[in-house]
Amino acid sequence: MYRERSAEEAIIDARRAKAARVRSRGENPFANDLGHWGAVNAVGDVRASVAAAGAAGRFTSAEVEQLAGGRTVHVCGRVVALRSTGGLSFARVRDYTGEIQLMLDQAVMGASYERLSDLDVGDIIEARGPLTASKRGELSVATADLRLLTKAFRPLPEKWHGLTDVEQRYRQRYVDLIANPQVADVFRARSHVVRATREILDSHGFLEVETPTMQTVVGGATARPFATHHNALDLDLFLRIAPELYLKRLVVGGLERVYEIGRCYRNEGISARHNPEFTMLELYRAYWTYEEMMTFAEEIVRGIDARLAAAMPAAHALWKDARPFTLDQPFVRVSMERALAIAADRTAIPPWVAAALDGGTAVVDLLATDFADAIKDWARASPRAKKIDWGNLRGALARCENSGERLFACYEYIVEPFLGDDYRSDDGSRSVPVFIKDYPFEVSPLARRSDARRELTDRFELFVHGRELCNAFSELNDPDDQADRFHAQVRKKDRGDEEAMDYDEDYLRALEYGLPPTAGFGMGMDRPVMTLTHSASIRDVILFPLLRPEQGAAPDAADGRTSQ
């Protein structure tokens, strides 16, 4: 069946023809023999060497040539712009450190100037020549020699410098990184964030370890796991949802300050804040409580941000200016019950306001019976009340089995969406991070009960402008209490809760050898990257987020190429 060739296919064919022309001259359009022109100079280093000549924002050839001292530079990179004006052409090339212009003069290059017709935007080239400046004041390489290193068959998308198709950006990250240089800044920031985290923990005497990612029981968090099978052992396994239980075994064994930064997997929904495969930081410190861990969490966040500012000052300044929050004030610490009372009062719903005077538990008691008939009136009480997700709040409360679960459900729908509004800087211009602490024990199966109130646990989560950043608590080290919690989780699983944990007999045996008083901390590394770079979605900070397979992308049987 006849199919008309697309414009892109025509361009690809034309580029393949150019590659064939290069081959016909005895040259390789996919070369791999650098070094014949001397060491390659990073573009950033070249620019830095003559930066003083462009202090006023414009380079002059006399100043550049004086500073460069006639030195010849050898640069490699991708062509991101190409224009010709007869006997004088200009190409802009980019490497990992920046961009620089090539001045391509027929009078200088001689017969080789004709080979520019074989070049296209997207090709990877090398060039050699002295530094100079164009009439417009642009730092340039007065190119004497130029060679194609890699021919790009596919053209960059039309108007590629403004590529905005979100799914195409995520699916073809390699194009996204070319088309949107600021995207590369986010992933450089991610590397700096991970590195800074290690530096902070190492400086406090923590030992980095590795624990199994394939496990025989589900534990360490409440989440649905991915299942797999080991053929040789004929053993069903789960990809870990968290490294927690293995790390605490190490604390039992005397490694009293440990951490791991590793991959975890949760078979759950995909959203702006969740990806099934992610990088998790977990750390454990013996002889600390959750209060001391709260202080350390604040130190970690500020320390990461300071190191990011030092590593990427220009990009960090832009991100910091765009943030709706500030790290410059002490983080707020408030119990879940108190936060619920504050939030209920600010809805201006009369019965809620009255109940809030007696604290968050009174608000929970008010909502313990079905309130469907009151929703319409309550939602009219204030603009804030109107924003509450009433349907899901009611549904969540109906599924709760006890007062602890009801408190947590009320918190999720009445408090958490408004944290950025309720906790503000002194001048009111930005939100401040808030620690929500003292969670019900029913929703905290691994956290230690509070000595003051046994229905609560010594647990906190840190929220930055409404986004959860980390989860931490004083660890439960009573093996009998832990066994009871595991049994409760098993009962939940028997009733159909796919996120409930298994009964981990070996972990209980470890606790019976004695876990010292310990505080633990967990944070998905995507979260601080999103927060500090002001990224809207977790997919913006994961190089290759999980997507459905692309439709119509099966290999063509005739030539192995992808059909579109």
# chains A, B, ... in the order shown; residues from 1 in each chain; ligands from 1

$ select_by_dssp --residues "region 139-311 of chain A" --states "helix (DSSP H, G or I)" --output "VMD selection string"
chain A and resid 160 to 162 166 to 171 173 to 179 181 to 203 244 to 252 290 to 311

$ closest_atom_pairs --of "region 448-515 of chain A" --to "region 401-417 of chain A" --cutoff "10 Å" --atoms "only C-alpha atoms" --output "tab-separated table"
residue	atom	partner	partner_atom	distance
A:Glu455	CA	A:Gly404	CA	7.6
A:Leu456	CA	A:Gly404	CA	8.2
A:Phe463	CA	A:Glu416	CA	8.6
A:His465	CA	A:Pro417	CA	9.3
A:Gly466	CA	A:Pro417	CA	6.2
A:Arg467	CA	A:Glu416	CA	8.5
A:Glu468	CA	A:Glu416	CA	9.2

$ write_last_selection --atoms "all heavy atoms" --output "PDB file, in the first residue's frame"
ATOM      1  N   GLU A 455      -1.413   6.600  72.439  1.00  0.00           N
ATOM      2  CA  GLU A 455      -2.130   6.498  71.170  1.00  0.00           C
ATOM      3  C   GLU A 455      -1.397   7.200  70.022  1.00  0.00           C
ATOM      4  O   GLU A 455      -1.792   7.085  68.859  1.00  0.00           O
ATOM      5  CB  GLU A 455      -3.547   7.071  71.304  1.00  0.00           C
ATOM      6  CG  GLU A 455      -3.635   8.586  71.406  1.00  0.00           C
ATOM      7  CD  GLU A 455      -3.486   9.121  72.824  1.00  0.00           C
ATOM      8  OE1 GLU A 455      -2.940   8.383  73.674  1.00  0.00           O
ATOM      9  OE2 GLU A 455      -3.909  10.263  73.065  1.00  0.00           O
ATOM     10  N   LEU A 456      -0.302   7.910  70.360  1.00  0.00           N
ATOM     11  CA  LEU A 456       0.481   8.631  69.363  1.00  0.00           C
ATOM     12  C   LEU A 456       1.879   8.037  69.265  1.00  0.00           C
ATOM     13  O   LEU A 456       2.305   7.255  70.126  1.00  0.00           O
ATOM     14  CB  LEU A 456       0.568  10.115  69.722  1.00  0.00           C
ATOM     15  CG  LEU A 456      -0.754  10.872  69.837  1.00  0.00           C
ATOM     16  CD1 LEU A 456      -0.496  12.317  70.245  1.00  0.00           C
ATOM     17  CD2 LEU A 456      -1.558  10.810  68.536  1.00  0.00           C
ATOM     18  N   PHE A 463       7.145  19.101  55.590  1.00  0.00           N
ATOM     19  CA  PHE A 463       6.457  19.608  54.408  1.00  0.00           C
ATOM     20  C   PHE A 463       7.026  20.972  54.040  1.00  0.00           C
ATOM     21  O   PHE A 463       7.200  21.839  54.903  1.00  0.00           O
ATOM     22  CB  PHE A 463       4.956  19.728  54.663  1.00  0.00           C
ATOM     23  CG  PHE A 463       4.264  18.403  54.792  1.00  0.00           C
ATOM     24  CD1 PHE A 463       4.265  17.722  56.002  1.00  0.00           C
ATOM     25  CD2 PHE A 463       3.640  17.832  53.696  1.00  0.00           C
ATOM     26  CE1 PHE A 463       3.640  16.494  56.117  1.00  0.00           C
ATOM     27  CE2 PHE A 463       3.012  16.594  53.816  1.00  0.00           C
ATOM     28  CZ  PHE A 463       3.010  15.924  55.016  1.00  0.00           C
ATOM     29  N   HIS A 465       6.094  23.957  51.553  1.00  0.00           N
ATOM     30  CA  HIS A 465       5.011  24.514  50.738  1.00  0.00           C
ATOM     31  C   HIS A 465       4.019  23.429  50.337  1.00  0.00           C
ATOM     32  O   HIS A 465       3.622  23.304  49.183  1.00  0.00           O
ATOM     33  CB  HIS A 465       5.564  25.227  49.497  1.00  0.00           C
ATOM     34  CG  HIS A 465       4.572  26.198  48.922  1.00  0.00           C
ATOM     35  ND1 HIS A 465       4.202  27.352  49.564  1.00  0.00           N
ATOM     36  CD2 HIS A 465       3.845  26.177  47.758  1.00  0.00           C
ATOM     37  CE1 HIS A 465       3.314  28.012  48.835  1.00  0.00           C
ATOM     38  NE2 HIS A 465       3.071  27.311  47.748  1.00  0.00           N
ATOM     39  N   GLY A 466       3.639  22.636  51.317  1.00  0.00           N
ATOM     40  CA  GLY A 466       2.625  21.612  51.112  1.00  0.00           C
ATOM     41  C   GLY A 466       3.124  20.305  50.537  1.00  0.00           C
ATOM     42  O   GLY A 466       2.348  19.352  50.430  1.00  0.00           O
ATOM     43  N   ARG A 467       4.405  20.244  50.173  1.00  0.00           N
ATOM     44  CA  ARG A 467       4.950  19.010  49.611  1.00  0.00           C
ATOM     45  C   ARG A 467       5.687  18.230  50.698  1.00  0.00           C
ATOM     46  O   ARG A 467       6.566  18.782  51.367  1.00  0.00           O
ATOM     47  CB  ARG A 467       5.929  19.305  48.483  1.00  0.00           C
ATOM     48  CG  ARG A 467       5.298  19.719  47.176  1.00  0.00           C
ATOM     49  CD  ARG A 467       6.382  19.953  46.143  1.00  0.00           C
ATOM     50  NE  ARG A 467       5.857  20.177  44.808  1.00  0.00           N
ATOM     51  CZ  ARG A 467       6.604  20.442  43.753  1.00  0.00           C
ATOM     52  NH1 ARG A 467       7.926  20.506  43.866  1.00  0.00           N
ATOM     53  NH2 ARG A 467       6.058  20.641  42.565  1.00  0.00           N
ATOM     54  N   GLU A 468       5.338  16.958  50.835  1.00  0.00           N
ATOM     55  CA  GLU A 468       6.048  16.118  51.794  1.00  0.00           C
ATOM     56  C   GLU A 468       7.479  15.900  51.317  1.00  0.00           C
ATOM     57  O   GLU A 468       7.718  15.528  50.180  1.00  0.00           O
ATOM     58  CB  GLU A 468       5.357  14.766  51.933  1.00  0.00           C
ATOM     59  CG  GLU A 468       6.076  13.824  52.885  1.00  0.00           C
ATOM     60  CD  GLU A 468       5.619  12.384  52.743  1.00  0.00           C
ATOM     61  OE1 GLU A 468       4.500  12.156  52.251  1.00  0.00           O
ATOM     62  OE2 GLU A 468       6.412  11.483  53.097  1.00  0.00           O
TER      63      GLU A 468
END

$ residues_around --residues "Gln106 (chain A)" --least-positions-apart "6" --cutoff "10 Å" --atoms "only C-alpha atoms" --output "list in words"
Gly86, Gly87, Leu88, Ser89, Ser112, Tyr113, Glu114, Thr143 and Ala144 of chain A

$ residues_around --residues "Leu247 (chain A)" --least-positions-apart "4" --cutoff "10 Å" --atoms "only C-alpha atoms" --output "ChimeraX atom specification"
/A:209-211,220,242-243,251-253,255-260,282-284,520

$ select_by_dssp --residues "region 162-370 of chain A" --states "strand (DSSP E)" --output "JSON list (two decimals) with N, CA, C and O atoms, in the first residue's frame"
[["chain", "number", "residue", "atom", "x", "y", "z"],
["A", 207, "LEU", "N", 27.89, 5.74, 58.04],
["A", 207, "LEU", "CA", 28.50, 4.76, 57.14],
["A", 207, "LEU", "C", 27.50, 4.42, 56.04],
["A", 207, "LEU", "O", 26.37, 4.00, 56.33],
["A", 208, "GLU", "N", 27.91, 4.57, 54.77],
["A", 208, "GLU", "CA", 27.03, 4.21, 53.67],
["A", 208, "GLU", "C", 27.10, 2.70, 53.43],
["A", 208, "GLU", "O", 28.19, 2.13, 53.36],
["A", 214, "MET", "N", 15.97, -7.17, 46.42],
["A", 214, "MET", "CA", 15.02, -8.27, 46.27],
["A", 214, "MET", "C", 14.84, -8.92, 47.63],
["A", 214, "MET", "O", 15.80, -9.36, 48.25],
["A", 215, "GLN", "N", 13.59, -8.98, 48.08],
["A", 215, "GLN", "CA", 13.32, -9.43, 49.44],
["A", 215, "GLN", "C", 12.21, -10.47, 49.45],
["A", 215, "GLN", "O", 11.37, -10.50, 48.55],
["A", 226, "PHE", "N", 6.16, -4.70, 43.84],
["A", 226, "PHE", "CA", 6.31, -5.45, 42.60],
["A", 226, "PHE", "C", 6.81, -6.85, 42.95],
["A", 226, "PHE", "O", 7.70, -7.00, 43.79],
["A", 227, "ALA", "N", 6.25, -7.85, 42.30],
["A", 227, "ALA", "CA", 6.64, -9.23, 42.57],
["A", 227, "ALA", "C", 7.47, -9.78, 41.41],
["A", 227, "ALA", "O", 7.28, -9.40, 40.26],
["A", 228, "THR", "N", 8.42, -10.65, 41.74],
["A", 228, "THR", "CA", 9.24, -11.31, 40.72],
["A", 228, "THR", "C", 9.52, -12.74, 41.19],
["A", 228, "THR", "O", 9.02, -13.17, 42.23],
["A", 229, "HIS", "N", 10.31, -13.47, 40.42],
["A", 229, "HIS", "CA", 10.57, -14.88, 40.75],
["A", 229, "HIS", "C", 12.01, -15.22, 40.40],
["A", 229, "HIS", "O", 12.49, -14.88, 39.31],
["A", 230, "HIS", "N", 12.69, -15.88, 41.33],
["A", 230, "HIS", "CA", 14.05, -16.35, 41.08],
["A", 230, "HIS", "C", 13.98, -17.80, 40.64],
["A", 230, "HIS", "O", 13.55, -18.68, 41.40],
["A", 235, "LEU", "N", 11.96, -19.26, 43.89],
["A", 235, "LEU", "CA", 11.60, -18.44, 45.05],
["A", 235, "LEU", "C", 10.88, -17.17, 44.58],
["A", 235, "LEU", "O", 11.40, -16.42, 43.75],
["A", 236, "ASP", "N", 9.70, -16.93, 45.12],
["A", 236, "ASP", "CA", 8.99, -15.66, 44.86],
["A", 236, "ASP", "C", 9.65, -14.55, 45.68],
["A", 236, "ASP", "O", 9.93, -14.72, 46.87],
["A", 237, "LEU", "N", 9.87, -13.43, 45.04],
["A", 237, "LEU", "CA", 10.53, -12.31, 45.69],
["A", 237, "LEU", "C", 9.76, -11.02, 45.41],
["A", 237, "LEU", "O", 8.93, -10.95, 44.50],
["A", 238, "PHE", "N", 10.08, -10.00, 46.20],
["A", 238, "PHE", "CA", 9.50, -8.68, 46.01],
["A", 238, "PHE", "C", 10.61, -7.66, 45.85],
["A", 238, "PHE", "O", 11.64, -7.74, 46.54],
["A", 239, "LEU", "N", 10.44, -6.73, 44.92],
["A", 239, "LEU", "CA", 11.36, -5.60, 44.85],
["A", 239, "LEU", "C", 11.08, -4.71, 46.05],
["A", 239, "LEU", "O", 9.92, -4.42, 46.36],
["A", 257, "ARG", "N", 25.46, 4.28, 63.07],
["A", 257, "ARG", "CA", 25.11, 5.39, 62.17],
["A", 257, "ARG", "C", 25.25, 4.88, 60.74],
["A", 257, "ARG", "O", 26.36, 4.76, 60.23],
["A", 258, "VAL", "N", 24.13, 4.56, 60.13],
["A", 258, "VAL", "CA", 24.17, 3.99, 58.78],
["A", 258, "VAL", "C", 23.20, 4.73, 57.88],
["A", 258, "VAL", "O", 22.20, 5.30, 58.34],
["A", 259, "TYR", "N", 23.51, 4.70, 56.58],
["A", 259, "TYR", "CA", 22.56, 5.23, 55.61],
["A", 259, "TYR", "C", 22.72, 4.50, 54.29],
["A", 259, "TYR", "O", 23.75, 3.87, 54.03],
["A", 260, "GLU", "N", 21.67, 4.59, 53.48],
["A", 260, "GLU", "CA", 21.69, 4.03, 52.14],
["A", 260, "GLU", "C", 20.97, 4.98, 51.21],
["A", 260, "GLU", "O", 19.92, 5.53, 51.55],
["A", 261, "ILE", "N", 21.54, 5.18, 50.04],
["A", 261, "ILE", "CA", 20.87, 5.90, 48.95],
["A", 261, "ILE", "C", 20.73, 4.88, 47.82],
["A", 261, "ILE", "O", 21.72, 4.49, 47.19],
["A", 262, "GLY", "N", 19.52, 4.40, 47.59],
["A", 262, "GLY", "CA", 19.34, 3.32, 46.62],
["A", 262, "GLY", "C", 17.95, 3.30, 46.03],
["A", 262, "GLY", "O", 17.04, 4.02, 46.48],
["A", 263, "ARG", "N", 17.78, 2.44, 45.04],
["A", 263, "ARG", "CA", 16.52, 2.36, 44.32],
["A", 263, "ARG", "C", 15.48, 1.57, 45.13],
["A", 263, "ARG", "O", 15.80, 0.55, 45.74],
["A", 264, "CYS", "N", 14.25, 2.07, 45.08],
["A", 264, "CYS", "CA", 13.11, 1.39, 45.67],
["A", 264, "CYS", "C", 11.98, 1.37, 44.64],
["A", 264, "CYS", "O", 11.99, 2.15, 43.69],
["A", 265, "TYR", "N", 11.01, 0.49, 44.86],
["A", 265, "TYR", "CA", 9.97, 0.25, 43.86],
["A", 265, "TYR", "C", 8.62, 0.10, 44.55],
["A", 265, "TYR", "O", 8.50, -0.69, 45.49],
["A", 277, "GLU", "N", 9.42, 3.78, 40.36],
["A", 277, "GLU", "CA", 10.84, 3.50, 40.63],
["A", 277, "GLU", "C", 11.47, 4.81, 41.07],
["A", 277, "GLU", "O", 11.36, 5.82, 40.37],
["A", 278, "PHE", "N", 12.13, 4.81, 42.21],
["A", 278, "PHE", "CA", 12.67, 6.08, 42.73],
["A", 278, "PHE", "C", 13.90, 5.80, 43.60],
["A", 278, "PHE", "O", 14.17, 4.66, 43.97],
["A", 279, "THR", "N", 14.62, 6.85, 43.90],
["A", 279, "THR", "CA", 15.81, 6.76, 44.74],
["A", 279, "THR", "C", 15.47, 7.21, 46.15],
["A", 279, "THR", "O", 14.95, 8.31, 46.34],
["A", 280, "MET", "N", 15.76, 6.38, 47.11],
["A", 280, "MET", "CA", 15.42, 6.65, 48.50],
["A", 280, "MET", "C", 16.68, 6.83, 49.34],
["A", 280, "MET", "O", 17.66, 6.08, 49.19],
["A", 281, "LEU", "N", 16.66, 7.83, 50.20],
["A", 281, "LEU", "CA", 17.66, 7.96, 51.26],
["A", 281, "LEU", "C", 17.02, 7.51, 52.56],
["A", 281, "LEU", "O", 15.93, 7.98, 52.92],
["A", 282, "GLU", "N", 17.66, 6.56, 53.24],
["A", 282, "GLU", "CA", 17.25, 6.25, 54.61],
["A", 282, "GLU", "C", 18.50, 6.26, 55.49],
["A", 282, "GLU", "O", 19.56, 5.78, 55.08],
["A", 283, "LEU", "N", 18.35, 6.84, 56.68],
["A", 283, "LEU", "CA", 19.48, 6.89, 57.62],
["A", 283, "LEU", "C", 18.97, 6.59, 59.02],
["A", 283, "LEU", "O", 17.81, 6.87, 59.36],
["A", 284, "TYR", "N", 19.85, 5.99, 59.82],
["A", 284, "TYR", "CA", 19.52, 5.61, 61.19],
["A", 284, "TYR", "C", 20.66, 6.00, 62.12],
["A", 284, "TYR", "O", 21.83, 5.78, 61.80],
["A", 285, "ARG", "N", 20.28, 6.58, 63.27],
["A", 285, "ARG", "CA", 21.28, 7.07, 64.21],
["A", 285, "ARG", "C", 20.89, 6.59, 65.61],
["A", 285, "ARG", "O", 19.82, 6.94, 66.13],
["A", 286, "ALA", "N", 21.71, 5.74, 66.19],
["A", 286, "ALA", "CA", 21.45, 5.24, 67.54],
["A", 286, "ALA", "C", 21.61, 6.37, 68.56],
["A", 286, "ALA", "O", 22.39, 7.30, 68.37],
["A", 332, "VAL", "N", 8.84, 25.40, 61.29],
["A", 332, "VAL", "CA", 7.77, 25.29, 62.30],
["A", 332, "VAL", "C", 7.63, 23.84, 62.73],
["A", 332, "VAL", "O", 7.79, 22.92, 61.92],
["A", 333, "ARG", "N", 7.34, 23.63, 64.02],
["A", 333, "ARG", "CA", 7.05, 22.30, 64.53],
["A", 333, "ARG", "C", 5.67, 22.32, 65.17],
["A", 333, "ARG", "O", 5.43, 23.10, 66.10],
["A", 334, "VAL", "N", 4.77, 21.46, 64.68],
["A", 334, "VAL", "CA", 3.40, 21.46, 65.20],
["A", 334, "VAL", "C", 2.85, 20.04, 65.17],
["A", 334, "VAL", "O", 3.10, 19.29, 64.22],
["A", 335, "SER", "N", 2.14, 19.66, 66.22],
["A", 335, "SER", "CA", 1.57, 18.32, 66.26],
["A", 335, "SER", "C", 0.42, 18.20, 65.27],
["A", 335, "SER", "O", -0.21, 19.21, 64.90]]

$ residues_around --residues "region 379-391 of chain A" --least-positions-apart "2" --cutoff "12 Å" --atoms "only C-alpha atoms" --output "ChimeraX atom specification"
/A:343-353,367,370-377,393-398,409-418,421-422

$ atom_distance --atom1 "CA of Asp185 (chain A)" --atom2 "CA of Ala315 (chain A)"
7.2 Å

$ closest_residue --among "A:Tyr287, A:Tyr423, A:Tyr503, A:Trp319" --to "Gln182 (chain A)" --atoms "only C-alpha atoms"
A:Trp319

$ residues_around --residues "Arg485 (chain A)" --least-positions-apart "6" --cutoff "12 Å" --atoms "only C-alpha atoms" --output "list in words"
Gly219, Phe441, Glu442, Val443, Ser444, Pro445, Leu446, Ala447, Arg448, Arg449, Leu476, Asn477, Asp478, Pro479, Arg491, Lys492, Ala500, Met501, Asp502, Tyr503, Asp504 and Leu508 of chain A

$ write_last_selection --atoms "N, CA, C and O atoms" --output "PDB file, in the first residue's frame"
ATOM      1  N   GLY A 219       8.070  -5.195  53.594  1.00  0.00           N
ATOM      2  CA  GLY A 219       8.179  -4.454  54.846  1.00  0.00           C
ATOM      3  C   GLY A 219       8.932  -3.157  54.677  1.00  0.00           C
ATOM      4  O   GLY A 219       9.519  -2.877  53.631  1.00  0.00           O
ATOM      5  N   PHE A 441      -0.585   5.963  66.231  1.00  0.00           N
ATOM      6  CA  PHE A 441       0.190   4.732  66.086  1.00  0.00           C
ATOM      7  C   PHE A 441      -0.445   3.807  65.053  1.00  0.00           C
ATOM      8  O   PHE A 441       0.244   2.989  64.427  1.00  0.00           O
ATOM      9  N   GLU A 442      -1.758   3.941  64.809  1.00  0.00           N
ATOM     10  CA  GLU A 442      -2.427   3.051  63.858  1.00  0.00           C
ATOM     11  C   GLU A 442      -1.923   3.248  62.423  1.00  0.00           C
ATOM     12  O   GLU A 442      -2.049   2.341  61.592  1.00  0.00           O
ATOM     13  N   VAL A 443      -1.398   4.418  62.114  1.00  0.00           N
ATOM     14  CA  VAL A 443      -0.891   4.670  60.758  1.00  0.00           C
ATOM     15  C   VAL A 443       0.632   4.738  60.748  1.00  0.00           C
ATOM     16  O   VAL A 443       1.236   5.186  59.773  1.00  0.00           O
ATOM     17  N   SER A 444       1.248   4.255  61.821  1.00  0.00           N
ATOM     18  CA  SER A 444       2.713   4.317  61.950  1.00  0.00           C
ATOM     19  C   SER A 444       3.225   2.986  62.483  1.00  0.00           C
ATOM     20  O   SER A 444       3.676   2.892  63.630  1.00  0.00           O
ATOM     21  N   PRO A 445       3.188   1.936  61.665  1.00  0.00           N
ATOM     22  CA  PRO A 445       3.443   0.581  62.181  1.00  0.00           C
ATOM     23  C   PRO A 445       4.871   0.316  62.619  1.00  0.00           C
ATOM     24  O   PRO A 445       5.130  -0.715  63.234  1.00  0.00           O
ATOM     25  N   LEU A 446       5.812   1.194  62.324  1.00  0.00           N
ATOM     26  CA  LEU A 446       7.205   0.959  62.718  1.00  0.00           C
ATOM     27  C   LEU A 446       7.729   2.009  63.690  1.00  0.00           C
ATOM     28  O   LEU A 446       8.899   1.970  64.071  1.00  0.00           O
ATOM     29  N   ALA A 447       6.886   2.968  64.059  1.00  0.00           N
ATOM     30  CA  ALA A 447       7.325   4.071  64.915  1.00  0.00           C
ATOM     31  C   ALA A 447       7.050   3.765  66.390  1.00  0.00           C
ATOM     32  O   ALA A 447       6.085   3.080  66.738  1.00  0.00           O
ATOM     33  N   ARG A 448       7.893   4.323  67.248  1.00  0.00           N
ATOM     34  CA  ARG A 448       7.785   4.112  68.689  1.00  0.00           C
ATOM     35  C   ARG A 448       6.624   4.910  69.259  1.00  0.00           C
ATOM     36  O   ARG A 448       6.408   6.066  68.902  1.00  0.00           O
ATOM     37  N   ARG A 449       5.866   4.302  70.150  1.00  0.00           N
ATOM     38  CA  ARG A 449       4.791   5.024  70.825  1.00  0.00           C
ATOM     39  C   ARG A 449       5.359   6.133  71.711  1.00  0.00           C
ATOM     40  O   ARG A 449       6.437   5.995  72.288  1.00  0.00           O
ATOM     41  N   LEU A 476      10.620   1.935  66.744  1.00  0.00           N
ATOM     42  CA  LEU A 476      10.012   0.985  67.668  1.00  0.00           C
ATOM     43  C   LEU A 476      11.028  -0.128  67.938  1.00  0.00           C
ATOM     44  O   LEU A 476      11.434  -0.836  67.015  1.00  0.00           O
ATOM     45  N   ASN A 477      11.457  -0.260  69.192  1.00  0.00           N
ATOM     46  CA  ASN A 477      12.445  -1.297  69.506  1.00  0.00           C
ATOM     47  C   ASN A 477      11.933  -2.332  70.510  1.00  0.00           C
ATOM     48  O   ASN A 477      12.697  -3.175  70.980  1.00  0.00           O
ATOM     49  N   ASP A 478      10.650  -2.286  70.826  1.00  0.00           N
ATOM     50  CA  ASP A 478      10.016  -3.299  71.684  1.00  0.00           C
ATOM     51  C   ASP A 478       9.540  -4.432  70.780  1.00  0.00           C
ATOM     52  O   ASP A 478       8.596  -4.256  69.999  1.00  0.00           O
ATOM     53  N   PRO A 479      10.165  -5.617  70.832  1.00  0.00           N
ATOM     54  CA  PRO A 479       9.790  -6.696  69.905  1.00  0.00           C
ATOM     55  C   PRO A 479       8.350  -7.159  70.063  1.00  0.00           C
ATOM     56  O   PRO A 479       7.716  -7.552  69.076  1.00  0.00           O
ATOM     57  N   ARG A 491      -3.599  -8.688  59.390  1.00  0.00           N
ATOM     58  CA  ARG A 491      -5.069  -8.686  59.370  1.00  0.00           C
ATOM     59  C   ARG A 491      -5.589  -7.746  58.289  1.00  0.00           C
ATOM     60  O   ARG A 491      -6.567  -8.058  57.591  1.00  0.00           O
ATOM     61  N   LYS A 492      -4.938  -6.605  58.137  1.00  0.00           N
ATOM     62  CA  LYS A 492      -5.322  -5.680  57.072  1.00  0.00           C
ATOM     63  C   LYS A 492      -5.142  -6.328  55.702  1.00  0.00           C
ATOM     64  O   LYS A 492      -5.988  -6.204  54.812  1.00  0.00           O
ATOM     65  N   ALA A 500      -0.482  -3.307  52.895  1.00  0.00           N
ATOM     66  CA  ALA A 500      -0.077  -3.715  54.241  1.00  0.00           C
ATOM     67  C   ALA A 500       1.205  -4.541  54.199  1.00  0.00           C
ATOM     68  O   ALA A 500       1.547  -5.161  53.188  1.00  0.00           O
ATOM     69  N   MET A 501       1.923  -4.523  55.325  1.00  0.00           N
ATOM     70  CA  MET A 501       3.191  -5.247  55.425  1.00  0.00           C
ATOM     71  C   MET A 501       2.974  -6.722  55.752  1.00  0.00           C
ATOM     72  O   MET A 501       1.910  -7.123  56.221  1.00  0.00           O
ATOM     73  N   ASP A 502       4.034  -7.506  55.541  1.00  0.00           N
ATOM     74  CA  ASP A 502       4.054  -8.896  55.969  1.00  0.00           C
ATOM     75  C   ASP A 502       4.573  -8.993  57.412  1.00  0.00           C
ATOM     76  O   ASP A 502       5.119  -8.024  57.963  1.00  0.00           O
ATOM     77  N   TYR A 503       4.433 -10.171  57.972  1.00  0.00           N
ATOM     78  CA  TYR A 503       4.999 -10.471  59.291  1.00  0.00           C
ATOM     79  C   TYR A 503       6.446 -10.894  59.074  1.00  0.00           C
ATOM     80  O   TYR A 503       6.713 -11.931  58.467  1.00  0.00           O
ATOM     81  N   ASP A 504       7.383 -10.085  59.539  1.00  0.00           N
ATOM     82  CA  ASP A 504       8.812 -10.341  59.302  1.00  0.00           C
ATOM     83  C   ASP A 504       9.425 -10.972  60.555  1.00  0.00           C
ATOM     84  O   ASP A 504       9.853 -10.287  61.489  1.00  0.00           O
ATOM     85  N   LEU A 508      11.916  -9.464  63.760  1.00  0.00           N
ATOM     86  CA  LEU A 508      11.567  -9.558  65.182  1.00  0.00           C
ATOM     87  C   LEU A 508      12.677 -10.243  65.969  1.00  0.00           C
ATOM     88  O   LEU A 508      13.000  -9.848  67.103  1.00  0.00           O
TER      89      LEU A 508
END
